[in-house]
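Beneath this line is the structure, given in structure tokens, with notes to follow.
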Amino acid sequence: MSDQPPQLRTVLARGFRRKCPRCGEGDLFKRWITLHDRCPVCDLQYLQNQGDLWGYLLLIDRAVFIFPLIVVIYFRIYNPYSVWFYIFVAALIGGLLYSLPHRNGMSVGLEYYWRNRPPRT
Ligand SMILES: [Zn+2]
């Protein structure tokens, strides 16, 4: 294992697969979204402070879900009685719940990447 931190893309992909951002082997979560303190494989401490995650989670959430939200609002205003509105909202909520561990994992990865980013020259 090298000392170089992995690429941002790698870290995000590992987070999406709910794996350790450093080694890509250890599981991030004990249960659905209960985070392990450390990687069972490489012993990386996932979060230095529990609160570290929320900023990144919010960032990812906004990036991923601002667009569907705009679509929902648009639907509601211009098509208030369409059944597609309810289908879309149900799909959106289902997608949000389903992808919660993936987004959490990506947030852990992003936090890890940011903490270990190469120093600027
Ligand atoms: Zn690991």
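By convention in this document, the chains of the structure tokens carry letters A, B, ... by their order, each chain's residues are numbered from 1, and ligands are numbered from 1 in the order they are shown.
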**Request:** Based on DSSP run over this structure's backbone, return all residues of chain A in helix (DSSP H, G or I), as JSON, numbers by chain.
**Result:** {"A": [8, 9, 10, 11, 12, 13, 14, 15, 16, 52, 53, 54, 55, 56, 57, 58, 59, 60, 61, 62, 63, 64, 65, 66, 67, 68, 69, 70, 71, 72, 73, 74, 75, 76, 77, 78, 83, 84, 85, 86, 87, 88, 89, 90, 91, 92, 93, 94, 95, 96, 97, 98, 100, 101, 102, 103, 104, 105, 106, 107, 108, 109, 110, 111, 112, 113, 114, 115]}
Those residues with C-alpha atoms, as an mmCIF file, in the first residue's frame please?
data_model
loop_
_atom_site.group_PDB
_atom_site.id
_atom_site.type_symbol
_atom_site.label_atom_id
_atom_site.label_comp_id
_atom_site.auth_asym_id
_atom_site.auth_seq_id
_atom_site.Cartn_x
_atom_site.Cartn_y
_atom_site.Cartn_z
ATOM 1 C CA LEU A 8 -10.949 11.478 -5.944
ATOM 2 C CA ARG A 9 -12.765 9.303 -8.479
ATOM 3 C CA THR A 10 -11.513 6.122 -6.788
ATOM 4 C CA VAL A 11 -12.498 7.399 -3.362
ATOM 5 C CA LEU A 12 -16.016 8.265 -4.540
ATOM 6 C CA ALA A 13 -16.434 4.910 -6.279
ATOM 7 C CA ARG A 14 -15.341 3.082 -3.134
ATOM 8 C CA GLY A 15 -17.730 5.185 -1.087
ATOM 9 C CA PHE A 16 -20.545 4.371 -3.491
ATOM 10 C CA ASP A 52 -17.488 15.871 9.822
ATOM 11 C CA LEU A 53 -19.788 13.912 7.590
ATOM 12 C CA TRP A 54 -22.749 16.208 7.439
ATOM 13 C CA GLY A 55 -21.239 18.995 5.415
ATOM 14 C CA TYR A 56 -20.198 16.581 2.690
ATOM 15 C CA LEU A 57 -23.466 14.729 2.805
ATOM 16 C CA LEU A 58 -25.320 17.987 2.312
ATOM 17 C CA LEU A 59 -23.026 18.931 -0.549
ATOM 18 C CA ILE A 60 -23.613 15.631 -2.352
ATOM 19 C CA ASP A 61 -27.326 15.754 -1.637
ATOM 20 C CA ARG A 62 -27.619 19.176 -3.110
ATOM 21 C CA ALA A 63 -25.637 18.288 -6.173
ATOM 22 C CA VAL A 64 -27.627 15.119 -6.818
ATOM 23 C CA PHE A 65 -31.099 16.141 -5.782
ATOM 24 C CA ILE A 66 -31.515 19.783 -6.599
ATOM 25 C CA PHE A 67 -32.445 18.974 -10.175
ATOM 26 C CA PRO A 68 -35.252 16.464 -9.421
ATOM 27 C CA LEU A 69 -36.565 18.891 -6.820
ATOM 28 C CA ILE A 70 -36.837 21.609 -9.430
ATOM 29 C CA VAL A 71 -38.662 19.153 -11.672
ATOM 30 C CA VAL A 72 -41.061 18.300 -8.831
ATOM 31 C CA ILE A 73 -41.819 21.935 -8.175
ATOM 32 C CA TYR A 74 -42.297 22.556 -11.866
ATOM 33 C CA PHE A 75 -44.685 19.599 -12.089
ATOM 34 C CA ARG A 76 -46.644 20.770 -9.096
ATOM 35 C CA ILE A 77 -47.178 24.219 -10.529
ATOM 36 C CA TYR A 78 -47.929 23.373 -14.137
ATOM 37 C CA VAL A 83 -50.697 11.130 -11.416
ATOM 38 C CA TRP A 84 -47.121 11.287 -12.704
ATOM 39 C CA PHE A 85 -46.395 13.855 -10.043
ATOM 40 C CA TYR A 86 -47.134 11.334 -7.300
ATOM 41 C CA ILE A 87 -45.266 8.570 -9.097
ATOM 42 C CA PHE A 88 -42.272 10.819 -9.519
ATOM 43 C CA VAL A 89 -42.309 11.944 -5.884
ATOM 44 C CA ALA A 90 -42.641 8.330 -4.695
ATOM 45 C CA ALA A 91 -39.721 7.317 -6.920
ATOM 46 C CA LEU A 92 -37.685 10.256 -5.668
ATOM 47 C CA ILE A 93 -38.301 9.420 -2.004
ATOM 48 C CA GLY A 94 -37.612 5.747 -2.671
ATOM 49 C CA GLY A 95 -34.401 6.658 -4.450
ATOM 50 C CA LEU A 96 -33.369 8.944 -1.609
ATOM 51 C CA LEU A 97 -33.884 6.213 0.977
ATOM 52 C CA TYR A 98 -32.281 3.521 -1.137
ATOM 53 C CA LEU A 100 -28.685 6.859 1.612
ATOM 54 C CA PRO A 101 -25.854 4.407 2.464
ATOM 55 C CA HIS A 102 -24.243 5.044 -0.924
ATOM 56 C CA ARG A 103 -24.363 8.782 -0.423
ATOM 57 C CA ASN A 104 -23.120 8.403 3.134
ATOM 58 C CA GLY A 105 -20.262 6.267 1.856
ATOM 59 C CA MET A 106 -19.384 8.853 -0.763
ATOM 60 C CA SER A 107 -19.414 11.509 1.947
ATOM 61 C CA VAL A 108 -16.993 9.454 4.033
ATOM 62 C CA GLY A 109 -14.796 9.059 0.961
ATOM 63 C CA LEU A 110 -14.921 12.762 0.199
ATOM 64 C CA GLU A 111 -14.071 13.625 3.768
ATOM 65 C CA TYR A 112 -11.152 11.184 3.659
ATOM 66 C CA TYR A 113 -9.962 12.642 0.362
ATOM 67 C CA TRP A 114 -10.175 16.193 1.662
ATOM 68 C CA ARG A 115 -8.331 15.311 4.857
#
**Message:** If the limit is 6 Å from any atom of ligand 1, counting only C-alpha atoms and all ligand atoms, which residues qualify? Return them as a ChimeraX atom specification.
**Reply:** /A:20,22-26,39,41-44
Which residues are near A:Gln4? Cut-off 10 Å, only C-alpha atoms, ignore same chain within fewer than 5 positions. Put them as a PDB file with N, CA and C atoms, in the first residue's frame.
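Below is the file that was written, part.pdb:
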ATOM      1  N   ARG A  22      -9.729   4.170   1.770  1.00  0.00           N
ATOM      2  CA  ARG A  22      -8.287   3.989   1.616  1.00  0.00           C
ATOM      3  C   ARG A  22      -7.935   2.677   0.927  1.00  0.00           C
ATOM      4  N   ASN A 116      -6.823  14.118   3.337  1.00  0.00           N
ATOM      5  CA  ASN A 116      -5.528  13.605   2.882  1.00  0.00           C
ATOM      6  C   ASN A 116      -5.095  14.188   1.541  1.00  0.00           C
ATOM      7  N   ARG A 117      -5.734  15.280   1.140  1.00  0.00           N
ATOM      8  CA  ARG A 117      -5.396  15.838  -0.164  1.00  0.00           C
ATOM      9  C   ARG A 117      -3.938  16.299  -0.183  1.00  0.00           C
ATOM     10  N   PRO A 118      -3.333  16.216  -1.345  1.00  0.00           N
ATOM     11  CA  PRO A 118      -1.929  16.642  -1.425  1.00  0.00           C
ATOM     12  C   PRO A 118      -1.803  18.123  -1.103  1.00  0.00           C
TER      13      PRO A 118
END
**Residues flagged strand (DSSP E or B) by DSSP in chain A, as a ChimeraX atom specification** = /A:19,27,29,35,38,45
